[in-house]
Every structure is written in structure tokens, then in C-alpha cells.
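Reading through the C-alpha cells given below for one structure.
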Amino acid sequence: MRFLVYDRLLGIGDDYWIENEHGDKAYLVDGKAMRLRDTWELKDTQGRVLIDIHQKMLALRDTMVIERGGEPLATIRRKRLSLLRNHYRVSLVDGTELDVSGKILDREFAVEYDGELLAVISRRWLRVRDTYGIDVVREDADPALLIAVAVCVLHLAEKEREREADREGQEGDE
């Protein structure tokens, strides 16, 4: 199952559609502006909320939380002891852990469970500029969850890049 995301991703308050491989609308990412924390809802084509995504407040490290039906489903944070900066861990409430690694900001990364590939996020197989795809490779995988994971990981990586740019700017001012 492939989905297309036009790279307006991460704009708080922005809404955008994720399309299936045939160009039909599949999911709406509804950005919620005017909130204390970064928040999105992933909705189906009828407007039903499938997944809530928000930044966890008062966490030592940047953490995103995914909820379904008001119940926690997963937390996502950068792996603490990774030599690779672009390595994130998704901890599901049932104890399952997914690994996300690759060139996150380049939109070239994978989501794996216990070494088995679940989804590939890539620009390589697309010709449309500023678009990337989410290829859910396992038929029994939850596409809404994997899309939410991609939204979270990209948001965390963008925030980290912004902080680094701010630090570099401050060091240059000294």
C-alpha cells in the first residue's frame, strides 16, 4: 500500500491530504493551531478521527504521543544511545518497539519491527517535486499508525534541526 504526502508536512494549523497510490484522498492530517503543544489529528475521508498526535509536555527529551480513541497507543523519541542521529524508537503500549532509522530530513527512512520491514518512507520512487511516499510493505500493518509515526519522526527531526540552527546562530553572535 503506497501513500503520497505533499511536503507541506509539519505546519501547525495546516491541513493536508495524504493520497493513496491512485491519487484518491485517503487520510487528512488536521493541524491544530492555537494549542500549547504541537497537535494533529489523522482523519479518514469521512472526517472521523483515527489517531491523535501531540507533543508530550514536561518530558526530558522531545517526545511525541500517539493516541487512538483517547487511549495512548505509542510514544516516539530519538534513541538515546544511538551513534546515528536519525534513529528513533517507537514504544507501543503493548510493549512492542519499532525502530525508525535513515535520513529522516531527506525523507528516506524505514520503520522496522524486530528487524522486519514494515514501511519505507522515500522520495526516490516519485517524480513529483516536494512529495514523498509512505510504502506500507506488510499487509497486516496498520497504515494509519505508520503514517502517524512518520508525521511524529519528521516533526521531531525538524525541531532538532531548528534547535541546532539556533545554537549555531548564538555561537556566531559571540
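In the C-alpha cells, each chain is lettered A, B, ... as it comes, each chain's residues begin at 1, and ligands are numbered from 1 in order of appearance.
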
Can I get the residues of range 25-100 of chain A within 8 Å of range 131-151 of chain A, each with the closest pair of atoms and their distance in Å to one decimal, using only C-alpha atoms, sorted chain first then ascending number, as JSON lines?
```
{"residue": "A:Leu42", "atom": "CA", "partner": "A:Ala148", "partner_atom": "CA", "distance": 7.3}
{"residue": "A:Leu50", "atom": "CA", "partner": "A:Ala144", "partner_atom": "CA", "distance": 7.4}
{"residue": "A:Ile51", "atom": "CA", "partner": "A:Ala144", "partner_atom": "CA", "distance": 7.4}
{"residue": "A:Ile53", "atom": "CA", "partner": "A:Ala148", "partner_atom": "CA", "distance": 7.2}
{"residue": "A:Ile66", "atom": "CA", "partner": "A:Ala148", "partner_atom": "CA", "distance": 7.3}
{"residue": "A:Ile76", "atom": "CA", "partner": "A:Val149", "partner_atom": "CA", "distance": 7.7}
{"residue": "A:Val90", "atom": "CA", "partner": "A:Val149", "partner_atom": "CA", "distance": 7.7}
```

Considering only C-alpha atoms, return as a PyMOL selection string whatever protein or nucleic-acid residues lie within 7 Å of Leu28 in chain A, sequence-local ones (same chain, fewer than 6 positions apart) excluded.
chain A and resi 15-18+42-45

Can I get the residues of range 133-160 of chain A within 8 Å of range 104-116 of chain A, each with the closest pair of atoms and their distance in Å to one decimal, using only C-alpha atoms, sorted chain first then ascending number, as JSON lines?
```
{"residue": "A:Leu146", "atom": "CA", "partner": "A:Val111", "partner_atom": "CA", "distance": 7.9}
{"residue": "A:Val153", "atom": "CA", "partner": "A:Ile104", "partner_atom": "CA", "distance": 7.5}
{"residue": "A:Leu154", "atom": "CA", "partner": "A:Ile104", "partner_atom": "CA", "distance": 6.4}
{"residue": "A:Ala157", "atom": "CA", "partner": "A:Leu105", "partner_atom": "CA", "distance": 6.7}
{"residue": "A:Glu158", "atom": "CA", "partner": "A:Leu105", "partner_atom": "CA", "distance": 7.1}
```

Just the selected residues (N, CA, C and O atoms), exported as a PDB file, in the first residue's frame, please.
```pdb
ATOM      1  N   LEU A 146       1.384   3.835  11.004  1.00  0.00           N
ATOM      2  CA  LEU A 146       2.673   4.083  10.354  1.00  0.00           C
ATOM      3  C   LEU A 146       2.755   5.490   9.776  1.00  0.00           C
ATOM      4  O   LEU A 146       3.808   6.120   9.808  1.00  0.00           O
ATOM      5  N   VAL A 153       8.054  11.452  13.631  1.00  0.00           N
ATOM      6  CA  VAL A 153       9.508  11.414  13.460  1.00  0.00           C
ATOM      7  C   VAL A 153       9.987  12.632  12.678  1.00  0.00           C
ATOM      8  O   VAL A 153      10.982  13.267  13.036  1.00  0.00           O
ATOM      9  N   LEU A 154       9.271  12.989  11.631  1.00  0.00           N
ATOM     10  CA  LEU A 154       9.646  14.170  10.857  1.00  0.00           C
ATOM     11  C   LEU A 154       9.553  15.433  11.707  1.00  0.00           C
ATOM     12  O   LEU A 154      10.425  16.301  11.644  1.00  0.00           O
ATOM     13  N   ALA A 157      12.547  15.485  14.140  1.00  0.00           N
ATOM     14  CA  ALA A 157      13.798  15.780  13.432  1.00  0.00           C
ATOM     15  C   ALA A 157      13.863  17.252  13.031  1.00  0.00           C
ATOM     16  O   ALA A 157      14.920  17.887  13.129  1.00  0.00           O
ATOM     17  N   GLU A 158      12.746  17.810  12.580  1.00  0.00           N
ATOM     18  CA  GLU A 158      12.709  19.233  12.215  1.00  0.00           C
ATOM     19  C   GLU A 158      12.968  20.117  13.438  1.00  0.00           C
ATOM     20  O   GLU A 158      13.710  21.097  13.349  1.00  0.00           O
TER      21      GLU A 158
END
```

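Backbone DSSP over range 111-166 of chain A gives helix (DSSP H, G or I) for A:Pro143, A:Ala144, A:Leu145, A:Leu146, A:Ile147, A:Ala148, A:Val149, A:Ala150, A:Val151, A:Cys152, A:Val153, A:Leu154, A:His155, A:Leu156, A:Ala157, A:Glu158, A:Lys159, A:Glu160, A:Arg161, A:Glu162, A:Arg163, A:Glu164, A:Ala165, A:Asp166.
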
Just to be explicit: take each residue in the selection above, keep C-alpha atoms, and write the result as an mmCIF file, in the first residue's frame.
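Dumped to again_6.cif:
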```cif
data_model
loop_
_atom_site.group_PDB
_atom_site.id
_atom_site.type_symbol
_atom_site.label_atom_id
_atom_site.label_comp_id
_atom_site.auth_asym_id
_atom_site.auth_seq_id
_atom_site.Cartn_x
_atom_site.Cartn_y
_atom_site.Cartn_z
ATOM 1 C CA PRO A 143 -1.296 2.181 7.788
ATOM 2 C CA ALA A 144 -2.770 4.935 9.992
ATOM 3 C CA LEU A 145 -0.281 4.142 12.763
ATOM 4 C CA LEU A 146 2.673 4.083 10.354
ATOM 5 C CA ILE A 147 1.612 7.400 8.819
ATOM 6 C CA ALA A 148 1.327 8.876 12.326
ATOM 7 C CA VAL A 149 4.817 7.537 13.130
ATOM 8 C CA ALA A 150 6.193 9.268 10.008
ATOM 9 C CA VAL A 151 4.499 12.560 10.991
ATOM 10 C CA CYS A 152 5.987 12.350 14.504
ATOM 11 C CA VAL A 153 9.508 11.414 13.460
ATOM 12 C CA LEU A 154 9.646 14.170 10.857
ATOM 13 C CA HIS A 155 8.376 16.697 13.394
ATOM 14 C CA LEU A 156 10.962 15.656 15.991
ATOM 15 C CA ALA A 157 13.798 15.780 13.432
ATOM 16 C CA GLU A 158 12.709 19.233 12.215
ATOM 17 C CA LYS A 159 12.574 20.565 15.792
ATOM 18 C CA GLU A 160 16.048 19.184 16.475
ATOM 19 C CA ARG A 161 17.404 20.832 13.311
ATOM 20 C CA GLU A 162 15.841 24.173 14.311
ATOM 21 C CA ARG A 163 17.431 23.979 17.788
ATOM 22 C CA GLU A 164 20.841 23.226 16.266
ATOM 23 C CA ALA A 165 20.499 26.162 13.859
ATOM 24 C CA ASP A 166 19.560 28.426 16.796
#
```

From the options A:Arg167, A:Glu71, A:Arg123, A:Asp30, which residue's atoms come nearest to Gly47 in chain A, counting only C-alpha atoms?
A:Asp30

What gap, in Å, lies between CA of Asn86 in chain A and CA of Lys103 in chain A?
6.2 Å

Which of chain A fall in strand (DSSP E), as an NGL selection string
:A and (2-6 or 15-20 or 25-31 or 39-43 or 49-55 or 64-68 or 71-78 or 87-92 or 97-103 or 108-113 or 116-122 or 131-136)

Residue selection dump (C-alpha atoms) as a PDB file, in the first residue's frame:
```pdb
ATOM      1  CA  ARG A   2       1.535   3.295  -1.042  1.00  0.00           C
ATOM      2  CA  PHE A   3       0.543   6.743   0.088  1.00  0.00           C
ATOM      3  CA  LEU A   4       1.649  10.119  -1.254  1.00  0.00           C
ATOM      4  CA  VAL A   5       2.404  13.042   1.040  1.00  0.00           C
ATOM      5  CA  TYR A   6       2.905  16.515  -0.385  1.00  0.00           C
ATOM      6  CA  ASP A  15      -4.385  20.682   6.950  1.00  0.00           C
ATOM      7  CA  TYR A  16      -3.331  18.432   4.103  1.00  0.00           C
ATOM      8  CA  TRP A  17      -4.482  15.247   2.440  1.00  0.00           C
ATOM      9  CA  ILE A  18      -2.483  12.062   2.095  1.00  0.00           C
ATOM     10  CA  GLU A  19      -3.455  10.244  -1.083  1.00  0.00           C
ATOM     11  CA  ASN A  20      -3.328   6.578  -1.959  1.00  0.00           C
ATOM     12  CA  LYS A  25      -7.746  11.069  -0.779  1.00  0.00           C
ATOM     13  CA  ALA A  26      -7.042   8.547   1.988  1.00  0.00           C
ATOM     14  CA  TYR A  27      -6.229  10.480   5.192  1.00  0.00           C
ATOM     15  CA  LEU A  28      -6.479  14.081   6.325  1.00  0.00           C
ATOM     16  CA  VAL A  29      -3.775  15.432   8.619  1.00  0.00           C
ATOM     17  CA  ASP A  30      -5.528  18.172  10.553  1.00  0.00           C
ATOM     18  CA  GLY A  31      -3.087  20.522  12.275  1.00  0.00           C
ATOM     19  CA  THR A  39      -1.017  18.692  17.863  1.00  0.00           C
ATOM     20  CA  TRP A  40      -2.504  16.916  14.832  1.00  0.00           C
ATOM     21  CA  GLU A  41      -5.409  14.610  14.135  1.00  0.00           C
ATOM     22  CA  LEU A  42      -5.282  11.928  11.468  1.00  0.00           C
ATOM     23  CA  LYS A  43      -8.774  11.585   9.996  1.00  0.00           C
ATOM     24  CA  VAL A  49     -10.545  10.963  13.946  1.00  0.00           C
ATOM     25  CA  LEU A  50      -8.447   7.807  13.683  1.00  0.00           C
ATOM     26  CA  ILE A  51      -5.392   8.961  15.612  1.00  0.00           C
ATOM     27  CA  ASP A  52      -4.456  11.934  17.784  1.00  0.00           C
ATOM     28  CA  ILE A  53      -0.838  13.080  17.722  1.00  0.00           C
ATOM     29  CA  HIS A  54       0.658  15.513  20.201  1.00  0.00           C
ATOM     30  CA  GLN A  55       3.882  16.543  21.836  1.00  0.00           C
ATOM     31  CA  MET A  64       5.529  12.645  20.653  1.00  0.00           C
ATOM     32  CA  VAL A  65       2.463  10.677  21.761  1.00  0.00           C
ATOM     33  CA  ILE A  66       0.047   8.824  19.506  1.00  0.00           C
ATOM     34  CA  GLU A  67      -3.442   8.073  20.854  1.00  0.00           C
ATOM     35  CA  ARG A  68      -6.377   6.154  19.425  1.00  0.00           C
ATOM     36  CA  GLU A  71      -6.139   5.912  24.828  1.00  0.00           C
ATOM     37  CA  PRO A  72      -2.345   6.015  24.494  1.00  0.00           C
ATOM     38  CA  LEU A  73      -1.062   3.882  21.620  1.00  0.00           C
ATOM     39  CA  ALA A  74       2.622   4.821  21.294  1.00  0.00           C
ATOM     40  CA  THR A  75       5.374   7.236  22.291  1.00  0.00           C
ATOM     41  CA  ILE A  76       8.172   8.285  19.967  1.00  0.00           C
ATOM     42  CA  ARG A  77      11.563   9.731  20.838  1.00  0.00           C
ATOM     43  CA  ARG A  78      15.072   9.821  19.452  1.00  0.00           C
ATOM     44  CA  HIS A  87      17.375   6.850  14.820  1.00  0.00           C
ATOM     45  CA  TYR A  88      14.061   6.899  16.681  1.00  0.00           C
ATOM     46  CA  ARG A  89      12.264   4.389  18.867  1.00  0.00           C
ATOM     47  CA  VAL A  90       8.502   3.884  18.842  1.00  0.00           C
ATOM     48  CA  SER A  91       7.268   2.275  22.063  1.00  0.00           C
ATOM     49  CA  LEU A  92       3.778   0.817  21.739  1.00  0.00           C
ATOM     50  CA  GLU A  97       9.066  -1.486  19.938  1.00  0.00           C
ATOM     51  CA  LEU A  98       9.519  -0.232  16.391  1.00  0.00           C
ATOM     52  CA  ASP A  99      12.770   1.219  15.099  1.00  0.00           C
ATOM     53  CA  VAL A 100      12.869   4.142  12.697  1.00  0.00           C
ATOM     54  CA  SER A 101      16.166   4.927  11.008  1.00  0.00           C
ATOM     55  CA  GLY A 102      17.588   6.552   7.909  1.00  0.00           C
ATOM     56  CA  LYS A 103      17.909  10.059   6.536  1.00  0.00           C
ATOM     57  CA  GLU A 108      14.494   8.478   3.192  1.00  0.00           C
ATOM     58  CA  PHE A 109      13.907   6.181   6.164  1.00  0.00           C
ATOM     59  CA  ALA A 110      12.370   2.886   7.244  1.00  0.00           C
ATOM     60  CA  VAL A 111      10.161   1.598  10.054  1.00  0.00           C
ATOM     61  CA  GLU A 112      11.027  -1.884  11.310  1.00  0.00           C
ATOM     62  CA  TYR A 113       9.805  -4.315  13.924  1.00  0.00           C
ATOM     63  CA  GLU A 116      11.384  -6.894   9.724  1.00  0.00           C
ATOM     64  CA  LEU A 117      10.496  -4.023   7.406  1.00  0.00           C
ATOM     65  CA  LEU A 118       7.033  -2.514   7.970  1.00  0.00           C
ATOM     66  CA  ALA A 119       7.208   0.689   5.919  1.00  0.00           C
ATOM     67  CA  VAL A 120       9.571   2.700   3.754  1.00  0.00           C
ATOM     68  CA  ILE A 121       9.339   6.475   3.543  1.00  0.00           C
ATOM     69  CA  SER A 122      11.020   7.732   0.387  1.00  0.00           C
ATOM     70  CA  THR A 131       6.410  14.818  -2.459  1.00  0.00           C
ATOM     71  CA  TYR A 132       7.386  11.665  -0.676  1.00  0.00           C
ATOM     72  CA  GLY A 133       5.776   8.294  -0.341  1.00  0.00           C
ATOM     73  CA  ILE A 134       4.936   6.021   2.523  1.00  0.00           C
ATOM     74  CA  ASP A 135       5.067   2.436   1.318  1.00  0.00           C
ATOM     75  CA  VAL A 136       3.449   0.093   3.855  1.00  0.00           C
TER      76      VAL A 136
END
```

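Coordinates place CA of Asp62 in chain A at a distance of 19.6 Å from CA of Glu168 in chain A.
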